$ cat coords.txt   # compact mmCIF, C-alpha atoms
# COMPACT_ATOMS: atom_id res chain seq x y z
CA MET I 1 -13.44 24.29 -4.41
CA ASP I 2 -10.48 26.67 -4.97
CA LYS I 3 -8.75 28.09 -1.93
CA THR I 4 -7.59 31.71 -2.31
CA ILE I 5 -5.58 33.83 0.11
CA ILE I 6 -4.04 37.30 0.12
CA ALA I 7 -0.40 37.35 1.22
CA GLU I 8 1.77 40.35 2.04
CA GLY I 9 5.46 41.13 2.07
CA ARG I 10 8.03 43.88 1.56
CA THR I 11 8.71 42.50 -1.92
CA THR I 12 6.78 40.35 -4.37
CA ASN I 13 9.01 37.37 -3.66
CA GLU I 14 8.59 37.76 0.08
CA ALA I 15 4.81 38.00 -0.30
CA ILE I 16 4.78 34.84 -2.41
CA GLU I 17 6.97 32.97 0.08
CA ASN I 18 4.66 33.99 2.92
CA GLY I 19 1.66 32.75 0.94
CA LEU I 20 3.28 29.42 0.15
CA LYS I 21 4.01 28.89 3.85
CA GLN I 22 0.35 29.54 4.69
CA LEU I 23 -0.88 27.13 2.03
CA ARG I 24 1.91 24.62 2.68
CA VAL I 25 2.45 23.95 -1.00
CA SER I 26 5.15 24.54 -3.62
CA LYS I 27 5.02 27.43 -6.10
CA ASP I 28 3.92 25.21 -9.01
CA LYS I 29 0.72 24.34 -7.13
CA VAL I 30 -0.69 27.89 -7.11
CA GLU I 31 -1.77 30.68 -9.45
CA ILE I 32 -0.33 34.05 -8.46
CA LYS I 33 -1.71 37.52 -9.13
CA VAL I 34 0.12 40.62 -7.88
CA LEU I 35 -2.39 43.07 -6.39
CA GLU I 36 0.01 45.76 -5.24
CA ASN I 37 3.47 45.97 -6.76
CA GLU I 38 6.45 47.50 -4.97
CA GLU I 39 7.43 49.35 -8.15
CA LYS I 40 4.21 51.37 -8.28
CA ARG I 41 4.49 53.71 -5.33
CA SER I 42 3.16 57.27 -5.30
CA PHE I 43 5.03 60.31 -3.99
CA PHE I 44 2.72 60.47 -0.96
CA SER I 45 3.34 56.83 0.02
CA ILE I 46 7.11 56.97 -0.29
CA LEU I 47 7.52 57.31 3.48
CA ALA I 48 4.99 54.60 4.30
CA PRO I 49 6.16 51.01 4.95
CA ARG I 50 6.50 49.08 1.72
CA VAL I 51 3.81 46.41 1.42
CA VAL I 52 3.22 44.13 -1.56
CA LYS I 53 0.04 42.10 -1.80
CA VAL I 54 -0.42 38.98 -3.91
CA GLU I 55 -3.48 36.85 -4.48
CA MET I 56 -2.69 33.12 -4.47
CA THR I 57 -5.13 30.44 -5.55
CA LEU I 58 -4.55 26.71 -5.28
CA LYS I 59 -4.63 25.07 -8.68
CA GLU I 60 -7.23 22.38 -9.20
CA GLU I 61 -5.59 19.01 -8.76
CA LYS I 62 -5.86 16.74 -11.72
CA THR I 63 -6.89 13.31 -10.59
CA GLU I 64 -5.99 10.44 -12.77
CA LYS I 65 -8.57 7.74 -13.10
CA LYS I 66 -6.90 4.52 -12.17
CA GLU I 67 -8.14 1.45 -13.84
CA VAL I 68 -9.34 -0.93 -11.18
CA LYS I 69 -8.42 -4.42 -12.12
CA THR I 70 -10.66 -7.00 -10.57
CA LYS I 71 -9.43 -10.53 -10.55
CA LYS I 72 -11.83 -12.87 -12.21
CA ILE I 73 -12.72 -15.69 -9.88
CA ILE I 74 -12.20 -19.02 -11.58
CA GLU I 75 -14.66 -21.65 -10.45
CA LEU I 76 -13.83 -25.33 -10.60
CA SER I 77 -16.25 -28.13 -11.28
CA GLU I 78 -16.48 -30.96 -8.75
CA GLU I 79 -14.45 -33.14 -11.10
CA GLU I 80 -11.74 -30.47 -11.37
CA GLN I 81 -11.71 -30.05 -7.59
CA GLU I 82 -11.20 -33.77 -7.14
CA LYS I 83 -8.41 -33.80 -9.72
CA ALA I 84 -6.63 -30.83 -8.16
CA GLU I 85 -6.86 -32.37 -4.69
CA LYS I 86 -5.49 -35.67 -5.96
CA ASN I 87 -2.57 -33.92 -7.67
CA VAL I 88 -1.57 -32.07 -4.51
CA LYS I 89 -2.13 -35.09 -2.26
CA THR I 90 0.15 -37.27 -4.40
CA PHE I 91 2.87 -34.60 -4.22
CA MET I 92 2.46 -34.01 -0.47
CA GLU I 93 2.69 -37.72 0.32
CA GLU I 94 6.20 -37.67 -1.13
CA ILE I 95 7.24 -34.34 0.40
CA ILE I 96 6.00 -35.29 3.88
CA LYS I 97 8.63 -38.04 4.00
CA GLU I 98 11.35 -35.39 3.82
CA LEU I 99 9.87 -33.13 6.49
CA PRO I 100 10.38 -33.38 10.29
CA GLU I 101 8.73 -36.30 12.06
CA ASN I 102 5.05 -35.88 12.98
CA THR I 103 4.43 -33.29 10.26
CA THR I 104 0.82 -33.40 9.10
CA TYR I 105 -1.15 -31.71 6.35
CA ALA I 106 -4.75 -31.12 5.40
CA ILE I 107 -6.35 -30.17 2.09
CA HIS I 108 -9.69 -28.35 1.89
CA LYS I 109 -11.25 -27.95 -1.53
CA ASP I 110 -14.06 -25.79 -2.88
CA LYS I 111 -15.05 -24.29 -6.21
CA THR I 112 -12.48 -21.47 -5.87
CA GLY I 113 -9.50 -23.79 -5.33
CA LEU I 114 -7.59 -25.50 -2.53
CA ASN I 115 -6.51 -24.53 0.95
CA VAL I 116 -3.52 -26.49 2.21
CA GLU I 117 -2.39 -26.42 5.84
CA ILE I 118 0.87 -27.97 7.03
CA SER I 119 1.50 -28.39 10.74
CA ASN I 120 4.69 -28.90 12.73
CA GLU I 121 6.45 -26.43 15.03
CA ASN I 122 9.80 -27.21 13.36
CA LEU I 123 8.94 -25.91 9.89
CA GLY I 124 10.50 -22.46 10.13
CA PHE I 125 12.82 -23.31 7.24
CA LEU I 126 9.76 -23.95 5.05
CA ILE I 127 8.36 -20.51 5.90
CA GLY I 128 11.55 -18.54 5.34
CA TYR I 129 12.27 -14.85 5.87
CA ARG I 130 8.99 -12.91 5.83
CA GLY I 131 7.30 -15.97 4.35
CA GLU I 132 9.33 -15.97 1.12
CA THR I 133 9.80 -19.75 1.06
CA LEU I 134 6.15 -20.32 1.97
CA TYR I 135 4.95 -18.22 -0.96
CA ALA I 136 7.36 -19.95 -3.33
CA PHE I 137 6.08 -23.34 -2.14
CA GLN I 138 2.52 -22.08 -2.58
CA SER I 139 3.27 -21.26 -6.24
CA ILE I 140 4.67 -24.74 -6.76
CA LEU I 141 1.56 -26.33 -5.26
CA SER I 142 -0.63 -24.19 -7.51
CA ALA I 143 1.22 -25.43 -10.58
CA ILE I 144 0.98 -29.04 -9.40
CA ALA I 145 -2.73 -28.70 -8.59
CA GLY I 146 -3.44 -27.51 -12.12
CA LYS I 147 -1.81 -30.48 -13.84
CA ASP I 148 -4.13 -31.85 -16.56
CA ILE I 149 -6.68 -29.12 -15.75
CA ASP I 150 -7.33 -26.39 -18.31
CA LYS I 151 -8.01 -23.75 -15.64
CA LYS I 152 -5.54 -22.15 -13.27
CA VAL I 153 -6.07 -23.61 -9.80
CA ARG I 154 -5.73 -21.24 -6.86
CA VAL I 155 -3.90 -22.75 -3.89
CA ILE I 156 -3.64 -20.98 -0.53
CA LEU I 157 -0.95 -22.46 1.67
CA ASP I 158 -0.42 -21.86 5.38
CA ILE I 159 2.21 -23.42 7.62
CA GLU I 160 1.72 -23.69 11.38
CA GLY I 161 -0.69 -20.73 11.36
CA TYR I 162 2.02 -18.36 10.05
CA LYS I 163 -0.32 -16.17 8.01
CA ALA I 164 -2.63 -15.39 10.93
CA LYS I 165 0.36 -14.46 13.11
CA ARG I 166 1.88 -12.36 10.32
CA GLU I 167 -1.43 -10.59 9.73
CA LYS I 168 -1.60 -9.56 13.39
CA THR I 169 2.02 -8.34 13.26
CA LEU I 170 1.36 -6.27 10.14
CA GLU I 171 -1.80 -4.71 11.57
CA GLU I 172 0.12 -3.68 14.68
CA LEU I 173 2.91 -2.29 12.47
CA ALA I 174 0.38 -0.29 10.43
CA GLU I 175 -1.09 1.34 13.54
CA LYS I 176 2.35 2.10 15.00
CA VAL I 177 3.65 3.70 11.79
CA ALA I 178 0.43 5.68 11.32
CA LYS I 179 0.91 7.24 14.77
CA THR I 180 4.52 8.10 13.87
CA VAL I 181 3.40 9.76 10.61
CA ILE I 182 0.75 11.80 12.43
CA ARG I 183 3.23 12.89 15.10
CA THR I 184 6.14 13.78 12.80
CA ARG I 185 4.03 14.82 9.77
CA LYS I 186 6.53 12.97 7.59
CA PRO I 187 5.78 9.98 5.31
CA VAL I 188 7.23 6.57 6.16
CA LYS I 189 8.29 4.03 3.56
CA LEU I 190 7.93 0.39 4.62
CA GLU I 191 10.12 -2.48 3.52
CA PRO I 192 9.16 -4.45 0.37
CA MET I 193 6.27 -6.85 0.95
CA GLN I 194 4.26 -9.52 -0.79
CA ALA I 195 0.99 -8.33 -2.39
CA TYR I 196 -0.94 -10.30 0.26
CA GLU I 197 0.87 -8.42 3.04
CA ARG I 198 0.48 -5.01 1.41
CA LYS I 199 -3.26 -5.64 1.22
CA ILE I 200 -3.35 -6.14 4.99
CA ILE I 201 -1.68 -2.74 5.56
CA HIS I 202 -3.99 -0.97 3.10
CA SER I 203 -7.09 -2.54 4.66
CA LYS I 204 -6.04 -1.75 8.23
CA LEU I 205 -5.55 1.97 7.52
CA GLN I 206 -8.36 2.40 5.01
CA GLN I 207 -10.69 3.93 7.59
CA ASN I 208 -8.03 6.14 9.18
CA ASP I 209 -9.05 9.74 8.46
CA LYS I 210 -5.55 11.16 9.01
CA VAL I 211 -3.25 8.97 6.93
CA GLN I 212 -3.23 7.40 3.49
CA THR I 213 -1.37 4.45 1.97
CA GLU I 214 0.15 4.04 -1.47
CA SER I 215 2.09 1.20 -3.10
CA ILE I 216 5.17 2.21 -5.08
CA GLY I 217 7.91 0.45 -7.02
CA GLU I 218 8.00 -2.75 -9.00
CA GLU I 219 7.88 -6.35 -7.85
CA PRO I 220 9.62 -7.86 -5.97
CA ASN I 221 10.59 -4.53 -4.37
CA ARG I 222 7.10 -3.02 -4.29
CA ARG I 223 6.41 -1.35 -0.95
CA ILE I 224 3.92 0.85 0.88
CA VAL I 225 4.31 4.51 1.76
CA ILE I 226 2.19 5.82 4.63
CA SER I 227 1.67 9.60 4.65
CA LEU I 228 -0.67 12.29 5.93
CA LYS I 229 -3.87 12.76 3.99
CA LYS I 230 -3.83 15.90 1.87
CA THR I 231 -6.21 18.58 3.08
CA ARG I 232 -7.43 21.54 1.08

$ encode --input "coords.txt" --output "structure tokens"
Amino acid sequence: MDKTIIAEGRTTNEAIENGLKQLRVSKDKVEIKVLENEEKRSFFSILAPRVVKVEMTLKEEKTEKKEVKTKKIIELSEEEQEKAEKNVKTFMEEIIKELPENTTYAIHKDKTGLNVEISNENLGFLIGYRGETLYAFQSILSAIAGKDIDKKVRVILDIEGYKAKREKTLEELAEKVAKTVIRTRKPVKLEPMQAYERKIIHSKLQQNDKVQTESIGEEPNRRIVISLKKTR
């Protein structure tokens, strides 16, 4: 529904500026109609204070329909699951020899792919800054798992429970930044994140009725902007 106001000023420009302040929008967002022009003043009103009135109506926002891309879930047969598990196990048996002593791993398979967990408190180097090394290793495991299999095999890797800890950290960050945005009324741009991490931020603030989230930029520098929800 259009929002219309009547703004006043000593000149047309002043009336428009006053209206824009009330609506909190830029000039290109409104339609303007001058109701009382400063140039058209009668002899009898020459001594009266000069008042110009303008009618300002918010333009209807054009919303672009964004194509929602849903990832098709690839299901593996039992034979493909076995093959993928064997591929990763063969690789991990060799890698484990190069990792710190007492490092263990576990592979859990299902029709959607494999979940691999590696445990040892001294594997920070395998996680890397913000999980960069972990995600790179995860991609390698996915490629290895799919060897001699016609389908792409999804592999989810976690190391020493890093992802659960990171998820908690990101949720706390989302709440903290949201409060800052509400207090200052200014948007905040977060640092670049992995798609998995951006999803955590989006999900955490999805039900917040005061702020909104948006991903901007291109990979690998894609990031989230948290801002106040637009009200009309």

$ closest_residue --input "coords.txt" --among "I:Lys179, I:Arg222, I:Lys152, I:Lys89" --to "Pro192 in chain I" --atoms "all atoms listed in the file"
I:Arg222

$ residues_near_point --input "coords.txt" --point "(8.7, -32.2, 15.0)" --cutoff "9 Å" --atoms "all atoms listed in the file" --output "VMD selection string"
chain I and resid 99 to 103 120 to 123

$ residues_around --input "coords.txt" --residues "range 115-119 of chain I" --least-positions-apart "3" --cutoff "9 Å" --atoms "only C-alpha atoms" --output "ChimeraX atom specification"
/I:88,102-110,122-123,138,154-161

$ residues_around --input "coords.txt" --residues "Val25 in chain I" --least-positions-apart "4" --cutoff "12 Å" --atoms "all atoms listed in the file" --output "list of chain:residue names"
I:Lys3, I:Ile16, I:Glu17, I:Asn18, I:Gly19, I:Leu20, I:Lys21, I:Lys29, I:Val30, I:Glu31, I:Met56, I:Thr57, I:Leu58, I:Lys59, I:Lys230, I:Thr231, I:Arg232

$ atom_distance --input "coords.txt" --atom1 "CA of Val177 in chain I" --atom2 "CA of Lys163 in chain I"
20.6 Å

$ closest_residue --input "coords.txt" --among "I:Ile182, I:Ala195, I:Ile73, I:Ile140" --to "Thr112 in chain I" --atoms "all atoms listed in the file"
I:Ile73

$ residues_around --input "coords.txt" --residues "Lys204 in chain I" --least-positions-apart "2" --cutoff "7 Å" --atoms "all atoms listed in the file" --output "list in words"
Glu171, Ala174, Ile200, Ile201, His202 and Gln206 of chain I

$ atom_distance --input "coords.txt" --atom1 "CA of Ile149 in chain I" --atom2 "CA of Lys111 in chain I"
13.6 Å

$ atom_distance --input "coords.txt" --atom1 "CA of Lys33 in chain I" --atom2 "CA of Lys229 in chain I"
28.1 Å

$ residues_around --input "coords.txt" --residues "range 144-146 of chain I" --least-positions-apart "5" --cutoff "8 Å" --atoms "all atoms listed in the file" --output "CSV table (one decimal) with C-alpha atoms, in the frame of the given file"
chain,number,residue,atom,x,y,z
I,83,LYS,CA,-8.4,-33.8,-9.7
I,84,ALA,CA,-6.6,-30.8,-8.2
I,85,GLU,CA,-6.9,-32.4,-4.7
I,86,LYS,CA,-5.5,-35.7,-6.0
I,87,ASN,CA,-2.6,-33.9,-7.7
I,88,VAL,CA,-1.6,-32.1,-4.5
I,91,PHE,CA,2.9,-34.6,-4.2
I,151,LYS,CA,-8.0,-23.8,-15.6
I,152,LYS,CA,-5.5,-22.2,-13.3
I,153,VAL,CA,-6.1,-23.6,-9.8
I,155,VAL,CA,-3.9,-22.8,-3.9

$ axis_aligned_box --input "coords.txt" --around "range 179-197 of chain I" --padding-each-side "4 Å" --output "AutoDock Vina command-line options"
--center_x 4.6 --center_y 2.3 --center_z 6.4 --size_x 19.1 --size_y 33.1 --size_z 25.5

$ closest_residue --input "coords.txt" --among "I:Thr169, I:Gln194, I:Ser77, I:Thr11" --to "Gly131 in chain I" --atoms "all atoms listed in the file"
I:Gln194

$ closest_residue --input "coords.txt" --among "I:Ser203, I:Asn208, I:Gln22, I:Thr184" --to "Ile6 in chain I" --atoms "only C-alpha atoms"
I:Gln22

$ closest_residue --input "coords.txt" --among "I:Ser215, I:Asp28, I:Glu93, I:Thr12" --to "Glu55 in chain I" --atoms "all atoms listed in the file"
I:Thr12

$ closest_residue --input "coords.txt" --among "I:Ile95, I:Leu23, I:Leu126, I:Leu114" --to "Gln81 in chain I" --atoms "only C-alpha atoms"
I:Leu114
